[in-house]
$ cat run_30.pdb   # PDB, C-alpha atoms
MODEL        1
ATOM      1  CA  MET A  47     -15.091  -4.368  22.811  1.00  0.00           C
ATOM      2  CA  THR A  48     -12.823  -1.688  21.372  1.00  0.00           C
ATOM      3  CA  ARG A  49     -14.199   0.997  19.050  1.00  0.00           C
ATOM      4  CA  GLN A  50     -12.135  -0.396  16.196  1.00  0.00           C
ATOM      5  CA  LEU A  51     -13.453  -3.943  16.722  1.00  0.00           C
ATOM      6  CA  ALA A  52     -17.017  -2.649  17.077  1.00  0.00           C
ATOM      7  CA  PHE A  53     -16.614  -0.810  13.776  1.00  0.00           C
ATOM      8  CA  VAL A  54     -15.346  -3.992  12.072  1.00  0.00           C
ATOM      9  CA  VAL A  55     -18.323  -5.997  13.383  1.00  0.00           C
ATOM     10  CA  LEU A  56     -20.752  -3.294  12.244  1.00  0.00           C
ATOM     11  CA  LEU A  57     -19.132  -3.135   8.826  1.00  0.00           C
ATOM     12  CA  ALA A  58     -19.390  -6.919   8.482  1.00  0.00           C
ATOM     13  CA  CYS A  59     -23.097  -6.816   9.320  1.00  0.00           C
ATOM     14  CA  ILE A  60     -23.696  -4.055   6.797  1.00  0.00           C
ATOM     15  CA  THR A  61     -21.752  -5.990   4.155  1.00  0.00           C
ATOM     16  CA  LEU A  62     -23.806  -9.143   4.763  1.00  0.00           C
ATOM     17  CA  GLY A  63     -27.053  -7.206   4.476  1.00  0.00           C
ATOM     18  CA  THR A  64     -25.857  -5.560   1.285  1.00  0.00           C
ATOM     19  CA  ALA A  65     -24.876  -8.943  -0.170  1.00  0.00           C
ATOM     20  CA  ILE A  66     -28.470 -10.132   0.127  1.00  0.00           C
ATOM     21  CA  ALA A  67     -29.862  -6.889  -1.271  1.00  0.00           C
ATOM     22  CA  ALA A  68     -27.406  -7.054  -4.178  1.00  0.00           C
ATOM     23  CA  GLY A  69     -28.478 -10.574  -5.118  1.00  0.00           C
ATOM     24  CA  PRO A  70     -30.736 -11.323  -8.076  1.00  0.00           C
ATOM     25  CA  GLN A  71     -34.065  -9.549  -7.645  1.00  0.00           C
ATOM     26  CA  THR A  72     -36.005 -11.593 -10.198  1.00  0.00           C
ATOM     27  CA  ILE A  73     -35.338 -14.780 -12.143  1.00  0.00           C
ATOM     28  CA  GLN A  74     -37.447 -16.240 -14.914  1.00  0.00           C
ATOM     29  CA  ALA A  75     -36.430 -19.699 -16.043  1.00  0.00           C
ATOM     30  CA  GLN A  76     -37.841 -22.299 -18.390  1.00  0.00           C
ATOM     31  CA  TYR A  77     -36.755 -25.933 -18.432  1.00  0.00           C
ATOM     32  CA  ASP A  78     -37.462 -28.689 -20.930  1.00  0.00           C
ATOM     33  CA  VAL A  79     -38.286 -31.964 -19.168  1.00  0.00           C
ATOM     34  CA  SER A  80     -37.718 -35.377 -20.734  1.00  0.00           C
ATOM     35  CA  LEU A  81     -38.205 -39.031 -19.790  1.00  0.00           C
ATOM     36  CA  ASP A  82     -35.696 -41.443 -21.284  1.00  0.00           C
ATOM     37  CA  GLY A  83     -34.872 -38.819 -23.887  1.00  0.00           C
ATOM     38  CA  LEU A  84     -38.469 -38.084 -24.930  1.00  0.00           C
ATOM     39  CA  PRO A  85     -39.900 -34.576 -24.221  1.00  0.00           C
ATOM     40  CA  ILE A  86     -42.781 -34.785 -21.736  1.00  0.00           C
ATOM     41  CA  ALA A  87     -43.172 -31.352 -20.120  1.00  0.00           C
ATOM     42  CA  VAL A  88     -42.150 -27.700 -19.901  1.00  0.00           C
ATOM     43  CA  MET A  89     -41.364 -26.163 -16.522  1.00  0.00           C
ATOM     44  CA  GLN A  90     -41.731 -22.418 -15.895  1.00  0.00           C
ATOM     45  CA  GLU A  91     -40.221 -20.896 -12.744  1.00  0.00           C
ATOM     46  CA  ASN A  92     -40.337 -17.384 -11.313  1.00  0.00           C
ATOM     47  CA  PHE A  93     -38.176 -16.170  -8.431  1.00  0.00           C
ATOM     48  CA  GLU A  94     -38.618 -12.786  -6.759  1.00  0.00           C
ATOM     49  CA  LEU A  95     -36.578 -11.212  -3.968  1.00  0.00           C
ATOM     50  CA  ARG A  96     -37.988  -8.096  -2.309  1.00  0.00           C
ATOM     51  CA  ASP A  97     -37.219  -6.516   1.090  1.00  0.00           C
ATOM     52  CA  ASN A  98     -35.191  -9.612   2.026  1.00  0.00           C
ATOM     53  CA  SER A  99     -38.200 -11.870   1.434  1.00  0.00           C
ATOM     54  CA  TYR A 100     -38.407 -14.324  -1.449  1.00  0.00           C
ATOM     55  CA  ARG A 101     -41.126 -16.111  -3.369  1.00  0.00           C
ATOM     56  CA  ILE A 102     -40.714 -18.906  -5.930  1.00  0.00           C
ATOM     57  CA  VAL A 103     -43.428 -20.421  -8.122  1.00  0.00           C
ATOM     58  CA  SER A 104     -42.838 -23.401 -10.395  1.00  0.00           C
ATOM     59  CA  GLU A 105     -45.410 -24.662 -12.900  1.00  0.00           C
ATOM     60  CA  THR A 106     -44.940 -27.833 -14.962  1.00  0.00           C
ATOM     61  CA  ARG A 107     -47.200 -28.513 -17.946  1.00  0.00           C
ATOM     62  CA  ALA A 108     -47.253 -31.750 -19.886  1.00  0.00           C
ATOM     63  CA  ILE A 109     -46.685 -31.631 -23.643  1.00  0.00           C
ATOM     64  CA  GLY A 110     -47.280 -34.018 -26.518  1.00  0.00           C
ATOM     65  CA  ILE A 111     -49.365 -37.131 -25.932  1.00  0.00           C
ATOM     66  CA  LEU A 112     -48.982 -36.779 -22.163  1.00  0.00           C
ATOM     67  CA  ALA A 113     -50.879 -33.481 -22.310  1.00  0.00           C
ATOM     68  CA  LEU A 114     -54.004 -35.405 -23.344  1.00  0.00           C
ATOM     69  CA  VAL A 115     -54.156 -37.138 -19.958  1.00  0.00           C
ATOM     70  CA  GLN A 116     -52.463 -34.543 -17.766  1.00  0.00           C
ATOM     71  CA  ARG A 117     -54.265 -31.311 -18.551  1.00  0.00           C
ATOM     72  CA  ARG A 118     -53.788 -29.802 -15.109  1.00  0.00           C
ATOM     73  CA  PRO A 119     -50.262 -28.489 -14.386  1.00  0.00           C
ATOM     74  CA  GLY A 120     -48.178 -29.387 -11.383  1.00  0.00           C
ATOM     75  CA  ILE A 121     -47.524 -26.317  -9.219  1.00  0.00           C
ATOM     76  CA  LEU A 122     -45.003 -25.767  -6.439  1.00  0.00           C
ATOM     77  CA  SER A 123     -44.540 -22.590  -4.426  1.00  0.00           C
ATOM     78  CA  SER A 124     -42.158 -21.518  -1.682  1.00  0.00           C
ATOM     79  CA  TRP A 125     -41.810 -18.276   0.231  1.00  0.00           C
ATOM     80  CA  GLY A 126     -39.785 -17.099   3.179  1.00  0.00           C
ATOM     81  CA  SER A 127     -36.889 -14.836   4.129  1.00  0.00           C
ATOM     82  CA  ALA A 128     -33.510 -14.226   2.497  1.00  0.00           C
ATOM     83  CA  GLN A 129     -30.678 -14.032   5.012  1.00  0.00           C
ATOM     84  CA  PRO A 130     -26.868 -13.849   4.816  1.00  0.00           C
ATOM     85  CA  GLY A 131     -26.789 -17.662   5.012  1.00  0.00           C
ATOM     86  CA  GLY A 132     -29.248 -18.037   2.154  1.00  0.00           C
ATOM     87  CA  LEU A 133     -32.960 -18.710   1.841  1.00  0.00           C
ATOM     88  CA  ARG A 134     -35.007 -19.710   4.899  1.00  0.00           C
ATOM     89  CA  PRO A 135     -38.413 -21.087   3.838  1.00  0.00           C
ATOM     90  CA  LEU A 136     -41.573 -20.426   5.832  1.00  0.00           C
ATOM     91  CA  ILE A 137     -44.292 -21.970   3.656  1.00  0.00           C
ATOM     92  CA  PHE A 138     -44.119 -24.637   0.954  1.00  0.00           C
ATOM     93  CA  ASP A 139     -47.086 -25.841  -1.102  1.00  0.00           C
ATOM     94  CA  GLY A 140     -47.275 -28.480  -3.803  1.00  0.00           C
ATOM     95  CA  MET A 141     -49.906 -29.839  -6.168  1.00  0.00           C
ATOM     96  CA  ARG A 142     -49.158 -32.701  -8.515  1.00  0.00           C
ATOM     97  CA  ALA A 143     -50.063 -32.746 -12.184  1.00  0.00           C
ATOM     98  CA  GLY A 144     -52.686 -35.108 -13.514  1.00  0.00           C
ATOM     99  CA  LYS A 145     -55.577 -36.681 -11.627  1.00  0.00           C
ATOM    100  CA  ASP A 146     -53.879 -36.823  -8.213  1.00  0.00           C
ATOM    101  CA  THR A 147     -55.160 -33.598  -6.648  1.00  0.00           C
ATOM    102  CA  ARG A 148     -53.874 -34.259  -3.119  1.00  0.00           C
ATOM    103  CA  PRO A 149     -51.850 -31.184  -2.088  1.00  0.00           C
ATOM    104  CA  VAL A 150     -48.904 -31.037   0.280  1.00  0.00           C
ATOM    105  CA  HIS A 151     -48.268 -28.169   2.673  1.00  0.00           C
ATOM    106  CA  ALA A 152     -45.318 -27.440   4.946  1.00  0.00           C
ATOM    107  CA  GLU A 153     -44.964 -24.726   7.592  1.00  0.00           C
ATOM    108  CA  PHE A 154     -41.519 -23.929   8.993  1.00  0.00           C
ATOM    109  CA  ASN A 155     -41.562 -22.522  12.542  1.00  0.00           C
ATOM    110  CA  TRP A 156     -37.953 -21.526  13.174  1.00  0.00           C
ATOM    111  CA  ASN A 157     -38.706 -20.151  16.647  1.00  0.00           C
ATOM    112  CA  THR A 158     -40.062 -23.429  18.014  1.00  0.00           C
ATOM    113  CA  ARG A 159     -37.985 -25.600  15.626  1.00  0.00           C
ATOM    114  CA  GLU A 160     -41.094 -27.374  14.381  1.00  0.00           C
ATOM    115  CA  LEU A 161     -42.019 -28.437  10.864  1.00  0.00           C
ATOM    116  CA  LYS A 162     -45.746 -28.937  10.340  1.00  0.00           C
ATOM    117  CA  LEU A 163     -46.654 -31.147   7.374  1.00  0.00           C
ATOM    118  CA  THR A 164     -50.070 -31.673   5.797  1.00  0.00           C
ATOM    119  CA  HIS A 165     -50.398 -34.435   3.203  1.00  0.00           C
ATOM    120  CA  ASP A 166     -52.731 -37.268   2.223  1.00  0.00           C
ATOM    121  CA  GLY A 167     -55.333 -35.967   4.675  1.00  0.00           C
ATOM    122  CA  ARG A 168     -52.920 -36.184   7.598  1.00  0.00           C
ATOM    123  CA  HIS A 169     -51.227 -33.601   9.818  1.00  0.00           C
ATOM    124  CA  GLU A 170     -47.958 -34.197  11.600  1.00  0.00           C
ATOM    125  CA  THR A 171     -45.320 -32.159  13.375  1.00  0.00           C
ATOM    126  CA  LEU A 172     -41.619 -32.997  13.056  1.00  0.00           C
ATOM    127  CA  ALA A 173     -38.425 -31.521  14.457  1.00  0.00           C
ATOM    128  CA  LEU A 174     -37.034 -28.786  12.199  1.00  0.00           C
ATOM    129  CA  PRO A 175     -33.271 -29.264  11.696  1.00  0.00           C
ATOM    130  CA  ASP A 176     -31.040 -26.258  11.020  1.00  0.00           C
ATOM    131  CA  GLY A 177     -30.805 -25.354   7.347  1.00  0.00           C
ATOM    132  CA  THR A 178     -33.855 -27.344   6.242  1.00  0.00           C
ATOM    133  CA  GLN A 179     -35.005 -26.510   2.726  1.00  0.00           C
ATOM    134  CA  ASP A 180     -38.021 -27.431   0.649  1.00  0.00           C
ATOM    135  CA  ARG A 181     -37.684 -29.056  -2.758  1.00  0.00           C
ATOM    136  CA  LEU A 182     -38.093 -25.717  -4.534  1.00  0.00           C
ATOM    137  CA  SER A 183     -36.085 -23.323  -2.348  1.00  0.00           C
ATOM    138  CA  VAL A 184     -33.064 -25.614  -2.349  1.00  0.00           C
ATOM    139  CA  MET A 185     -32.542 -25.138  -6.085  1.00  0.00           C
ATOM    140  CA  TYR A 186     -32.126 -21.385  -5.539  1.00  0.00           C
ATOM    141  CA  GLN A 187     -29.855 -21.680  -2.527  1.00  0.00           C
ATOM    142  CA  PHE A 188     -26.863 -22.036  -4.816  1.00  0.00           C
ATOM    143  CA  LEU A 189     -27.236 -18.374  -5.799  1.00  0.00           C
ATOM    144  CA  PHE A 190     -26.590 -17.327  -2.187  1.00  0.00           C
ATOM    145  CA  TRP A 191     -24.286 -19.980  -0.767  1.00  0.00           C
ATOM    146  CA  PRO A 192     -20.528 -19.264  -0.786  1.00  0.00           C
ATOM    147  CA  PRO A 193     -18.581 -21.473  -3.257  1.00  0.00           C
ATOM    148  CA  GLU A 194     -16.709 -23.255  -0.451  1.00  0.00           C
ATOM    149  CA  LYS A 195     -19.996 -24.685   0.861  1.00  0.00           C
ATOM    150  CA  LEU A 196     -20.280 -26.827  -2.263  1.00  0.00           C
ATOM    151  CA  LYS A 197     -17.182 -28.795  -1.246  1.00  0.00           C
ATOM    152  CA  ASN A 198     -19.031 -30.434   1.653  1.00  0.00           C
ATOM    153  CA  LEU A 199     -22.613 -29.939   0.628  1.00  0.00           C
ATOM    154  CA  GLU A 200     -25.268 -31.451   2.869  1.00  0.00           C
ATOM    155  CA  PHE A 201     -28.685 -30.281   3.948  1.00  0.00           C
ATOM    156  CA  PRO A 202     -32.097 -31.552   5.138  1.00  0.00           C
ATOM    157  CA  MET A 203     -34.963 -31.136   2.685  1.00  0.00           C
ATOM    158  CA  THR A 204     -38.712 -31.703   2.829  1.00  0.00           C
ATOM    159  CA  ASN A 205     -41.044 -32.544  -0.026  1.00  0.00           C
ATOM    160  CA  GLY A 206     -44.081 -31.802   2.141  1.00  0.00           C
ATOM    161  CA  ARG A 207     -44.424 -35.439   3.223  1.00  0.00           C
ATOM    162  CA  LYS A 208     -41.162 -36.142   5.041  1.00  0.00           C
ATOM    163  CA  VAL A 209     -37.673 -34.815   5.691  1.00  0.00           C
ATOM    164  CA  ASP A 210     -34.610 -36.445   4.120  1.00  0.00           C
ATOM    165  CA  HIS A 211     -30.919 -35.644   4.473  1.00  0.00           C
ATOM    166  CA  TYR A 212     -28.961 -35.022   1.272  1.00  0.00           C
ATOM    167  CA  ARG A 213     -25.223 -35.033   0.624  1.00  0.00           C
ATOM    168  CA  TYR A 214     -23.527 -34.070  -2.642  1.00  0.00           C
ATOM    169  CA  ALA A 215     -19.985 -34.363  -3.953  1.00  0.00           C
ATOM    170  CA  ILE A 216     -18.408 -32.190  -6.664  1.00  0.00           C
ATOM    171  CA  GLY A 217     -17.469 -33.935  -9.896  1.00  0.00           C
ATOM    172  CA  PRO A 218     -14.666 -32.869 -12.290  1.00  0.00           C
ATOM    173  CA  ASP A 219     -14.905 -29.456 -13.962  1.00  0.00           C
ATOM    174  CA  THR A 220     -16.816 -29.696 -17.192  1.00  0.00           C
ATOM    175  CA  ALA A 221     -19.029 -27.863 -19.693  1.00  0.00           C
ATOM    176  CA  ILE A 222     -22.387 -28.858 -21.149  1.00  0.00           C
ATOM    177  CA  ASN A 223     -24.319 -27.930 -24.266  1.00  0.00           C
ATOM    178  CA  THR A 224     -27.690 -26.273 -23.638  1.00  0.00           C
ATOM    179  CA  PRO A 225     -30.113 -24.092 -25.637  1.00  0.00           C
ATOM    180  CA  LEU A 226     -28.266 -21.172 -23.990  1.00  0.00           C
ATOM    181  CA  GLY A 227     -25.004 -22.370 -25.530  1.00  0.00           C
ATOM    182  CA  LEU A 228     -21.955 -24.116 -24.077  1.00  0.00           C
ATOM    183  CA  LEU A 229     -21.913 -23.502 -20.307  1.00  0.00           C
ATOM    184  CA  ALA A 230     -19.092 -24.015 -17.830  1.00  0.00           C
ATOM    185  CA  VAL A 231     -20.675 -25.815 -14.886  1.00  0.00           C
ATOM    186  CA  VAL A 232     -20.115 -27.247 -11.438  1.00  0.00           C
ATOM    187  CA  HIS A 233     -21.273 -30.856 -11.435  1.00  0.00           C
ATOM    188  CA  LEU A 234     -22.892 -32.087  -8.191  1.00  0.00           C
ATOM    189  CA  ILE A 235     -23.446 -35.809  -7.603  1.00  0.00           C
ATOM    190  CA  LYS A 236     -25.688 -37.064  -4.820  1.00  0.00           C
ATOM    191  CA  HIS A 237     -24.402 -39.635  -2.345  1.00  0.00           C
ATOM    192  CA  ARG A 238     -26.682 -42.655  -2.596  1.00  0.00           C
ATOM    193  CA  ASP A 239     -27.916 -44.988   0.087  1.00  0.00           C
ATOM    194  CA  PRO A 240     -29.452 -48.353  -0.883  1.00  0.00           C
ATOM    195  CA  GLY A 241     -32.783 -47.746  -2.589  1.00  0.00           C
ATOM    196  CA  ASP A 242     -32.076 -44.081  -3.334  1.00  0.00           C
ATOM    197  CA  THR A 243     -32.504 -42.519  -6.753  1.00  0.00           C
ATOM    198  CA  ALA A 244     -29.389 -41.260  -8.534  1.00  0.00           C
ATOM    199  CA  THR A 245     -29.403 -37.463  -8.756  1.00  0.00           C
ATOM    200  CA  GLU A 246     -27.025 -35.055 -10.516  1.00  0.00           C
ATOM    201  CA  ILE A 247     -27.203 -31.245 -10.739  1.00  0.00           C
ATOM    202  CA  TRP A 248     -25.232 -28.906 -13.002  1.00  0.00           C
ATOM    203  CA  LEU A 249     -24.730 -25.281 -11.868  1.00  0.00           C
ATOM    204  CA  ALA A 250     -23.763 -22.572 -14.385  1.00  0.00           C
ATOM    205  CA  ARG A 251     -20.666 -20.638 -13.293  1.00  0.00           C
ATOM    206  CA  ASN A 252     -21.534 -17.582 -15.408  1.00  0.00           C
ATOM    207  CA  TYR A 253     -25.130 -17.456 -14.142  1.00  0.00           C
ATOM    208  CA  ARG A 254     -24.511 -17.158 -10.382  1.00  0.00           C
ATOM    209  CA  MET A 255     -24.546 -20.972  -9.949  1.00  0.00           C
ATOM    210  CA  MET A 256     -28.071 -21.241 -11.259  1.00  0.00           C
ATOM    211  CA  PRO A 257     -29.081 -24.887 -11.855  1.00  0.00           C
ATOM    212  CA  VAL A 258     -29.191 -25.424 -15.611  1.00  0.00           C
ATOM    213  CA  LYS A 259     -29.539 -29.202 -15.728  1.00  0.00           C
ATOM    214  CA  MET A 260     -30.786 -31.935 -13.421  1.00  0.00           C
ATOM    215  CA  ARG A 261     -30.915 -35.699 -13.926  1.00  0.00           C
ATOM    216  CA  ILE A 262     -32.760 -38.249 -11.808  1.00  0.00           C
ATOM    217  CA  ILE A 263     -32.471 -41.991 -12.459  1.00  0.00           C
ATOM    218  CA  GLU A 264     -34.956 -44.126 -10.562  1.00  0.00           C
ATOM    219  CA  ASP A 265     -34.447 -47.690  -9.368  1.00  0.00           C
ATOM    220  CA  ASP A 266     -36.359 -49.069 -12.353  1.00  0.00           C
ATOM    221  CA  GLY A 267     -33.962 -47.274 -14.732  1.00  0.00           C
ATOM    222  CA  LYS A 268     -36.271 -44.425 -15.780  1.00  0.00           C
ATOM    223  CA  ARG A 269     -34.220 -41.310 -16.499  1.00  0.00           C
ATOM    224  CA  TYR A 270     -35.728 -37.880 -16.000  1.00  0.00           C
ATOM    225  CA  GLU A 271     -33.859 -34.767 -17.142  1.00  0.00           C
ATOM    226  CA  GLN A 272     -34.629 -31.068 -17.026  1.00  0.00           C
ATOM    227  CA  VAL A 273     -32.464 -28.712 -19.071  1.00  0.00           C
ATOM    228  CA  ILE A 274     -32.558 -24.924 -19.107  1.00  0.00           C
ATOM    229  CA  ALA A 275     -34.205 -23.476 -22.216  1.00  0.00           C
ATOM    230  CA  ARG A 276     -34.556 -19.823 -21.209  1.00  0.00           C
ATOM    231  CA  LEU A 277     -33.077 -17.782 -18.369  1.00  0.00           C
ATOM    232  CA  GLU A 278     -33.472 -14.125 -17.419  1.00  0.00           C
ATOM    233  CA  ILE A 279     -31.812 -12.733 -14.279  1.00  0.00           C
ATOM    234  CA  SER A 280     -32.436  -9.149 -13.143  1.00  0.00           C
ATOM    235  CA  HIS A 281     -30.556  -7.322 -10.388  1.00  0.00           C
TER     236      HIS A 281
ENDMDL
END
$ encode --input "run_30.pdb" --output "structure tokens"
Amino acid sequence: MTRQLAFVVLLACITLGTAIAAGPQTIQAQYDVSLDGLPIAVMQENFELRDNSYRIVSETRAIGILALVQRRPGILSSWGSAQPGGLRPLIFDGMRAGKDTRPVHAEFNWNTRELKLTHDGRHETLALPDGTQDRLSVMYQFLFWPPEKLKNLEFPMTNGRKVDHYRYAIGPDTAINTPLGLLAVVHLIKHRDPGDTATEIWLARNYRMMPVKMRIIEDDGKRYEQVIARLEISH
């Protein structure tokens, strides 16, 4: 390797490391959650990046009549490393809201390529595909992925019980109204297999591709939406 080429490689490595360090250090987000247009919950999320390690905590509390029967919040957490290719989770934990107190737990062993899942009183070990995300870390990957990755977006994801493969296509350029104002967004639409739910995600161009809206339509027609209500990003 010539000195000039070695210098270029070194510079590229330094640039990649700087890109991670220059990313958002903290994010505080609040989403309003609705079912068929009726408000049912408020979701609070906190993201922190420090020394190339990340931690995300999401807490969902029921509101209105639903709060009378679901007094305990649903809590998700994810932590791991932040690398030039994005977030690489190590631990994911989840606890549902309401009376179902069964937790889920996932451990990502990238050295042995094993994913250890604990759920419903069972333990199992699965193969860990490259790029696997958990259901919380994946929503913050968009802040680190290069824009061209969105054109052919696919990734494995675990919810703590299983691993599924997801593929998204980009819809036409658009803008949406939110409590933050009118936002220019990238619209992602999930490819559906028979029996799948319909999922759409809107990423805000002026907020580092932060998800600002998500819609899930289940097979029975129930429509869940979460829309950004507050967003603070610190660098």
$ closest_residue --input "run_30.pdb" --among "A:Pro193, A:Pro218, A:Gly227, A:Pro135" --to "Arg254 of chain A" --atoms "all atoms listed in the file"
A:Pro193
$ residues_near_point --input "run_30.pdb" --point "(-39.5, -25.7, 8.3)" --cutoff "7 Å" --atoms "all atoms listed in the file" --output "list in words"
Pro135, Leu136, Ala152, Glu153, Phe154, Asn155, Trp156, Glu160, Leu161, Leu174 and Thr178 of chain A
$ resolve_selection --input "run_30.pdb" --expression "the PyMOL selection byres ((chain A and resi 95) around 8)" --output "JSON, numbers by chain"
{"A": [70, 71, 72, 93, 94, 96, 97, 98, 99, 100, 101, 128]}
$ residues_around --input "run_30.pdb" --residues "segment 208-217 of chain A" --least-positions-apart "5" --cutoff "9 Å" --atoms "all atoms listed in the file" --output "MDAnalysis selection string"
chainID A and resid 163 172 174 178 180 196:203 232:238 246
$ resolve_selection --input "run_30.pdb" --expression "the PyMOL selection byres ((chain A and resi 85) around 10)" --output "compact mmCIF listing (two decimals) with C-alpha atoms, keeping the file's coordinate frame"
# COMPACT_ATOMS: atom_id res chain seq x y z
CA ASP A 78 -37.46 -28.69 -20.93
CA VAL A 79 -38.29 -31.96 -19.17
CA SER A 80 -37.72 -35.38 -20.73
CA LEU A 81 -38.20 -39.03 -19.79
CA ASP A 82 -35.70 -41.44 -21.28
CA GLY A 83 -34.87 -38.82 -23.89
CA LEU A 84 -38.47 -38.08 -24.93
CA ILE A 86 -42.78 -34.78 -21.74
CA ALA A 87 -43.17 -31.35 -20.12
CA VAL A 88 -42.15 -27.70 -19.90
CA ALA A 108 -47.25 -31.75 -19.89
CA ILE A 109 -46.68 -31.63 -23.64
CA GLY A 110 -47.28 -34.02 -26.52
CA ILE A 111 -49.36 -37.13 -25.93
CA LEU A 112 -48.98 -36.78 -22.16
CA TYR A 270 -35.73 -37.88 -16.00
CA GLU A 271 -33.86 -34.77 -17.14
CA GLN A 272 -34.63 -31.07 -17.03
$ closest_residue --input "run_30.pdb" --among "A:Met260, A:Ile279, A:Val150, A:Met185" --to "Tyr77 of chain A" --atoms "only C-alpha atoms"
A:Met260
$ atom_distance --input "run_30.pdb" --atom1 "atom CA of Arg276 of chain A" --atom2 "atom CA of Leu229 of chain A"
13.2 Å
$ atom_distance --input "run_30.pdb" --atom1 "atom CA of Ala143 of chain A" --atom2 "atom CA of Met256 of chain A"
24.8 Å
$ resolve_selection --input "run_30.pdb" --expression "the PyMOL selection byres ((chain A and resi 119) around 12)" --output "number ranges by chain"
A: 87-90, 104-109, 112-118, 120-122, 140-147
$ atom_distance --input "run_30.pdb" --atom1 "atom CA of His151 of chain A" --atom2 "atom CA of Phe138 of chain A"
5.7 Å
$ axis_aligned_box --input "run_30.pdb" --around "segment 223-238 of chain A" --padding-each-side "8 Å" --output "lines of an AutoDock Vina configuration file"
center_x = -24.6
center_y = -31.9
center_z = -14.0
size_x = 27.0
size_y = 37.5
size_z = 39.3
$ closest_residue --input "run_30.pdb" --among "A:Asn157, A:Met255, A:Asn205, A:Thr171" --to "Trp191 of chain A" --atoms "only C-alpha atoms"
A:Met255
$ closest_residue --input "run_30.pdb" --among "A:Ala244, A:Ile222, A:Leu182, A:Ala250" --to "Asp266 of chain A" --atoms "all atoms listed in the file"
A:Ala244
$ residues_near_point --input "run_30.pdb" --point "(-52.1, -32.2, 3.8)" --cutoff "10 Å" --atoms "all atoms listed in the file" --output "PDB file with C-alpha atoms, keeping the file's coordinate frame"
ATOM      1  CA  ASP A 139     -47.086 -25.841  -1.102  1.00  0.00           C
ATOM      2  CA  GLY A 140     -47.275 -28.480  -3.803  1.00  0.00           C
ATOM      3  CA  ARG A 148     -53.874 -34.259  -3.119  1.00  0.00           C
ATOM      4  CA  PRO A 149     -51.850 -31.184  -2.088  1.00  0.00           C
ATOM      5  CA  VAL A 150     -48.904 -31.037   0.280  1.00  0.00           C
ATOM      6  CA  HIS A 151     -48.268 -28.169   2.673  1.00  0.00           C
ATOM      7  CA  ALA A 152     -45.318 -27.440   4.946  1.00  0.00           C
ATOM      8  CA  LYS A 162     -45.746 -28.937  10.340  1.00  0.00           C
ATOM      9  CA  LEU A 163     -46.654 -31.147   7.374  1.00  0.00           C
ATOM     10  CA  THR A 164     -50.070 -31.673   5.797  1.00  0.00           C
ATOM     11  CA  HIS A 165     -50.398 -34.435   3.203  1.00  0.00           C
ATOM     12  CA  ASP A 166     -52.731 -37.268   2.223  1.00  0.00           C
ATOM     13  CA  GLY A 167     -55.333 -35.967   4.675  1.00  0.00           C
ATOM     14  CA  ARG A 168     -52.920 -36.184   7.598  1.00  0.00           C
ATOM     15  CA  HIS A 169     -51.227 -33.601   9.818  1.00  0.00           C
ATOM     16  CA  GLU A 170     -47.958 -34.197  11.600  1.00  0.00           C
ATOM     17  CA  GLY A 206     -44.081 -31.802   2.141  1.00  0.00           C
ATOM     18  CA  ARG A 207     -44.424 -35.439   3.223  1.00  0.00           C
TER      19      ARG A 207
END
$ closest_residue --input "run_30.pdb" --among "A:Val103, A:Ala230, A:Leu133, A:Leu277" --to "Ile73 of chain A" --atoms "all atoms listed in the file"
A:Leu277
$ residues_around --input "run_30.pdb" --residues "Ile102 of chain A" --least-positions-apart "4" --cutoff "6 Å" --atoms "all atoms listed in the file" --output "MDAnalysis selection string"
chainID A and resid 92:93 123:124
